[in-house]
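Participant: Please find one structure pasted underneath; my questions will follow.
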Amino acid sequence: MIAEGSIILFLGFAVLLALGAPLAVALGISGTAVILTEGLGIMSVPTNAYNGIAKYPLLALPVFVLAGMMFERAGVAVRIVRFASAVVGKRRGAQGIVAILVCMFLGGISGSGPADAAAVAMVMIPSMLKQGYPKEFSATLIAAAGSTAILIPPSVALIVYSVLVPSASVPALFAGGVIPGIMAGLALILPTLYFSWKNGWGLDDGEETPSFWESFKEAIWGLLAPVIILGGLRTGIFTPTEAAVVAAFYCFFVGVFVYRTLDLRKVYEVLVESAEISAVVMLIISLAGVFAHAGSTLGAFDAFAKLLLGFTSNEALLLTMITIMLLIAGMLLDAVSIYLVFLPILLPIMAVYKWDPVWFGIIMTMNMAIGQFTPPMAVNLMVTTRIAGITMESTVRWALWMVAAMMLSLILVTAFPQLALWLPQSLGY
């Protein structure tokens, strides 16, 4: 049986969310209320709020956010789109493939799905419209492709996962996300090509195809960014946190001195916006520490895990149930929030079945990626539909195709764990 305090914790959290309270507030108030009613010691609230964010790997989070925003404002997306267009050429479905490839590449810089989707949508939606792609399809495709940013390193979501699951290191998670991230992105090419050929999208719009070498020279500084970040991590020149700092300075140098698209005012604006985004994430993580302390002290998470295990002893069926639960949660919450809410419940189940923490982290993140473009609360779709000037309801028919395509990748990675584990094991993580 789940104790009364545990019921208050979960029910209070659910009611606050239903009333529209911010996630951080819901976590903090429900956790504090249980600590007070159960006499767990009120001084544990500030202690656990501080301990929640006093973790070295979290230093990388705000700096990667800053680096990603700096590159977006520097005009890297435009130059990479031109280069990708030169590589792919002009044919049916070409612009759709360009959008997918650019989203995947920028994901290796920003680590944020919404930021990735916004940068590509601003550049790609007008050009795709010229070639016959409906706005609804373009916005959905870019939102779906942008979701790969939380899989392809450096990923802000995977950094948070590593903090909550210390047995999964950041380098191992980064390496583990590469193949599933590429698979998820390439899966989107299937519906893109099908609908492009069926509807004649991507016919010649009368504009010249960009020169390969000219566009390559313009894009080279952006193309080098993931090489520097991931190469430095692999060779051990710097840690993930130091890699974030290197990335931020590199982005600053390219934007200010190479492309000259960033002036002091724009740099200041980027610093302010990235600080605001990071502060919101850190506040959620901090107050989740209070919620986690209350739940773990009461044994609420273990009790909830036993309740789930009581439904079935079949590992495959349980994993399917968890996947469905995470997909639904992904439609309503962002990846970081889902980790903070669900991991305390799922960790005991992971221990029972001896699931590899890196593999399970990638599975969770793939579910979150799909949720980012699945209505009704798809965060990536919110961004792209606003840029395209359309309603989210109009994208549902296309979103279902994209979800089906990416679900194929998720099923493969779930069924064959080596797709996520081969690279980290090969690299010695």
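In the structure tokens, chains take the letters A, B, ... in the order shown, each chain's residues start at 1, and ligands count up from 1 in the order shown.
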Skipping near chain neighbours, those fewer than 3 positions away, what residues fall within 9 Å of stretch 260-274 of chain A using only C-alpha atoms, listed as a list in words?
Facilitator: Pro62, Val63, Val65, Leu66, Ala67, Met69, Met70, Arg73, Ala74, Gly75, Phe252, Val254, Gly255, Val256, Phe257, Ile277, Ser278 and Ala279 of chain A
Participant: Neighbouring residues of stretch 145-150 of chain A were defined as those with any atom within 6 Å, considering only C-alpha atoms; residues of the same chain fewer than 3 positions away were excluded. Please report them as a CSV table (one decimal) with all heavy atoms, in the first residue's frame.
Facilitator:
```
chain,number,residue,atom,x,y,z
A,100,ILE,N,15.9,18.5,-42.6
A,100,ILE,CA,16.2,17.5,-41.6
A,100,ILE,C,17.7,17.5,-41.2
A,100,ILE,O,18.0,17.4,-40.1
A,100,ILE,CB,15.7,16.1,-42.1
A,100,ILE,CG1,14.2,16.0,-42.3
A,100,ILE,CG2,16.2,15.0,-41.2
A,100,ILE,CD1,13.7,14.8,-43.1
A,103,CYS,N,18.7,20.5,-39.2
A,103,CYS,CA,18.2,20.4,-37.8
A,103,CYS,C,19.2,19.4,-37.0
A,103,CYS,O,19.5,19.7,-35.9
A,103,CYS,CB,16.8,19.9,-37.8
A,103,CYS,SG,15.5,21.1,-38.1
A,107,GLY,N,21.6,20.6,-34.0
A,107,GLY,CA,21.4,19.9,-32.7
A,107,GLY,C,22.7,19.6,-32.1
A,107,GLY,O,22.8,19.5,-30.8
A,111,GLY,N,21.9,21.7,-28.6
A,111,GLY,CA,21.5,20.8,-27.5
A,111,GLY,C,20.1,21.1,-27.1
A,111,GLY,O,19.6,20.5,-26.1
A,112,SER,N,19.3,21.9,-27.8
A,112,SER,CA,18.0,22.3,-27.4
A,112,SER,C,17.0,22.1,-28.6
A,112,SER,O,17.3,22.8,-29.6
A,112,SER,CB,17.9,23.7,-26.8
A,112,SER,OG,16.6,24.2,-26.8
A,113,GLY,N,16.0,21.3,-28.4
A,113,GLY,CA,15.0,21.1,-29.5
A,113,GLY,C,14.3,22.4,-30.0
A,113,GLY,O,14.3,22.7,-31.2
A,116,ASP,N,16.7,24.8,-31.8
A,116,ASP,CA,17.1,24.2,-33.1
A,116,ASP,C,16.0,24.5,-34.1
A,116,ASP,O,16.2,24.9,-35.2
A,116,ASP,CB,17.4,22.7,-32.9
A,116,ASP,CG,18.0,22.1,-34.1
A,116,ASP,OD1,18.3,22.8,-35.1
A,116,ASP,OD2,18.2,20.9,-34.0
A,117,ALA,N,14.7,24.1,-33.7
A,117,ALA,CA,13.6,24.2,-34.6
A,117,ALA,C,13.3,25.7,-35.0
A,117,ALA,O,13.0,26.0,-36.1
A,117,ALA,CB,12.3,23.7,-33.9
A,142,ILE,N,10.0,20.3,-39.5
A,142,ILE,CA,11.1,21.0,-38.8
A,142,ILE,C,11.0,20.8,-37.3
A,142,ILE,O,12.0,20.6,-36.6
A,142,ILE,CB,11.2,22.5,-39.2
A,142,ILE,CG1,11.5,22.7,-40.6
A,142,ILE,CG2,12.1,23.3,-38.3
A,142,ILE,CD1,11.3,24.1,-41.2
A,155,SER,N,23.8,17.4,-25.6
A,155,SER,CA,22.4,17.5,-25.2
A,155,SER,C,22.2,17.9,-23.8
A,155,SER,O,22.8,17.3,-22.9
A,155,SER,CB,21.8,16.1,-25.4
A,155,SER,OG,20.5,16.0,-24.7
A,157,ALA,N,19.5,17.8,-22.1
A,157,ALA,CA,18.7,16.8,-21.4
A,157,ALA,C,19.5,15.7,-20.9
A,157,ALA,O,19.3,15.2,-19.8
A,157,ALA,CB,17.6,16.3,-22.4
A,181,GLY,N,20.1,9.1,-32.4
A,181,GLY,CA,19.8,10.5,-32.9
A,181,GLY,C,19.8,10.5,-34.5
A,181,GLY,O,18.9,11.1,-35.1
A,185,GLY,N,16.5,11.0,-37.0
A,185,GLY,CA,16.5,12.0,-38.0
A,185,GLY,C,16.2,11.4,-39.4
A,185,GLY,O,15.4,11.9,-40.2
A,369,ALA,N,11.8,13.1,-27.2
A,369,ALA,CA,12.0,13.8,-28.5
A,369,ALA,C,10.7,13.7,-29.3
A,369,ALA,O,10.2,14.7,-29.9
A,369,ALA,CB,13.1,13.1,-29.3
```
Participant: With only C-alpha atoms as the basis for distance, which of A:Ala94, A:Leu412, A:Ile349, A:Leu188 is at the shortest distance from A:Asp302?
Facilitator: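 Of all the options, A:Ile349 lies closest to A:Asp302.
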Participant: Using only C-alpha atoms, which residues sit within 6 Å of stretch 337-347 of chain A once same-chain residues fewer than 2 positions away are excluded, as a list of chain:residue names?
Facilitator: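 Final neighbour list, sorted by chain and number: A:Phe301, A:Ala305, A:Asp334, A:Ala335, A:Ile349, A:Met350.
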Participant: Which is closer to A:Leu230 than all the others in A:Ile109, A:Met183, A:Val290, A:Ala24, using only C-alpha atoms?
Facilitator: A:Ile109
Participant: I'd like the contact shell of A:Ile387 - 12 Å cut-off, only C-alpha atoms, skipping same-chain residues fewer than 5 positions apart - returned as a ChimeraX atom specification.
Facilitator: /A:114,117-126,135-136,138-140,142-143,380-382,392
Participant: Counting only C-alpha atoms, what is within 12 Å of A:Ala415, bar same-chain residues fewer than 4 positions away, as an NGL selection string?
Facilitator: :A and (315-316 or 319-320 or 359-360 or 363 or 408-411 or 419-420)
Participant: Residues of the last selection are to be written out with N, CA and C atoms, as a compact mmCIF listing (two decimals), in the first residue's frame.
Facilitator:
```txt
# COMPACT_ATOMS: atom_id res chain seq x y z
N GLU A 315 8.89 -8.42 -18.83
CA GLU A 315 9.79 -7.27 -19.02
C GLU A 315 9.39 -6.44 -20.25
N ALA A 316 9.09 -7.12 -21.35
CA ALA A 316 8.73 -6.40 -22.59
C ALA A 316 7.45 -5.60 -22.42
N LEU A 319 8.12 -2.56 -20.20
CA LEU A 319 8.84 -1.55 -20.96
C LEU A 319 7.89 -0.81 -21.92
N THR A 320 6.95 -1.56 -22.48
CA THR A 320 5.93 -0.93 -23.35
C THR A 320 5.06 0.03 -22.56
N TRP A 359 21.63 2.96 -21.90
CA TRP A 359 20.58 2.55 -22.85
C TRP A 359 19.21 3.08 -22.42
N PHE A 360 18.90 2.94 -21.13
CA PHE A 360 17.60 3.39 -20.64
C PHE A 360 17.47 4.91 -20.77
N ILE A 363 16.63 5.63 -24.34
CA ILE A 363 15.23 5.27 -24.59
C ILE A 363 14.30 6.36 -24.07
N LEU A 408 9.54 4.00 -35.23
CA LEU A 408 10.29 2.87 -35.78
C LEU A 408 11.70 2.85 -35.21
N SER A 409 12.33 4.02 -35.14
CA SER A 409 13.69 4.12 -34.57
C SER A 409 13.67 3.75 -33.10
N LEU A 410 12.67 4.24 -32.37
CA LEU A 410 12.56 3.94 -30.94
C LEU A 410 12.41 2.44 -30.70
N ILE A 411 11.57 1.80 -31.49
CA ILE A 411 11.36 0.35 -31.35
C ILE A 411 12.66 -0.41 -31.62
N LEU A 419 22.51 -0.73 -30.38
CA LEU A 419 22.44 0.48 -31.21
C LEU A 419 22.79 1.71 -30.39
N ALA A 420 22.48 1.67 -29.10
CA ALA A 420 22.83 2.79 -28.21
C ALA A 420 24.14 2.54 -27.46
```
Participant: Using Å and a single decimal, report how far atom CA of A:Ala60 sits from atom CA of A:Ile159.
Facilitator: 7.8 Å
Participant: Give me the residues near A:Ala175 as a PyMOL selection string, where near means some atom within 10 Å (using only C-alpha atoms) and where sequence neighbours in that chain fewer than 5 positions away do not count.
Facilitator: chain A and resi 151-154+170+180+230+234+358+420-427+429
Participant: Distance atom CA of A:Gly295-atom CA of A:Val34, one decimal place?
Facilitator: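 Going from atom CA of A:Gly295 over to atom CA of A:Val34, I get 8.7 Å.
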Participant: Nearest to A:Pro134 among A:Trp201, A:Gln418, A:Ile7, A:Tyr194, with distances taken over only C-alpha atoms: which residue is it?
Facilitator: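 Closest to A:Pro134 of all the choices is A:Trp201.
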Participant: For each of A:Val87, A:Ile284, A:Ala300, A:Ile179, take the minimum atom-to-atom distance to A:Leu11, counting only C-alpha atoms, then give the residue where this is smallest.
Facilitator: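 Of A:Val87, A:Ile284, A:Ala300, A:Ile179, the one nearest A:Leu11, counting only C-alpha atoms, is A:Ala300.
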Participant: Separation of atom CA of A:Leu164 and atom CA of A:Thr312, in Å?
Facilitator: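 Between atom CA of A:Leu164 and atom CA of A:Thr312 the gap works out to 26.3 Å.
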Participant: Just list as a VMD selection string whatever in stretch 280-420 of chain A DSSP marks as helix (DSSP H, G or I).
Facilitator: chain A and resid 280 to 298 300 to 311 315 to 332 335 to 353 357 to 371 379 to 388 393 to 415 418 to 420
Participant: Using only C-alpha atoms, which of the listed residues (A:Leu190, A:Ile237, A:Leu16, A:Val396) sits closest to A:Phe137?
Facilitator: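 Nearest to A:Phe137: A:Val396.
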Participant: Using only C-alpha atoms, pick whichever of A:Pro171, A:Gly132, A:Gly68, A:Gly371 has the shortest atom-to-atom distance to A:Ala247.
Facilitator: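 For A:Ala247, the nearest of the candidates is A:Gly68.
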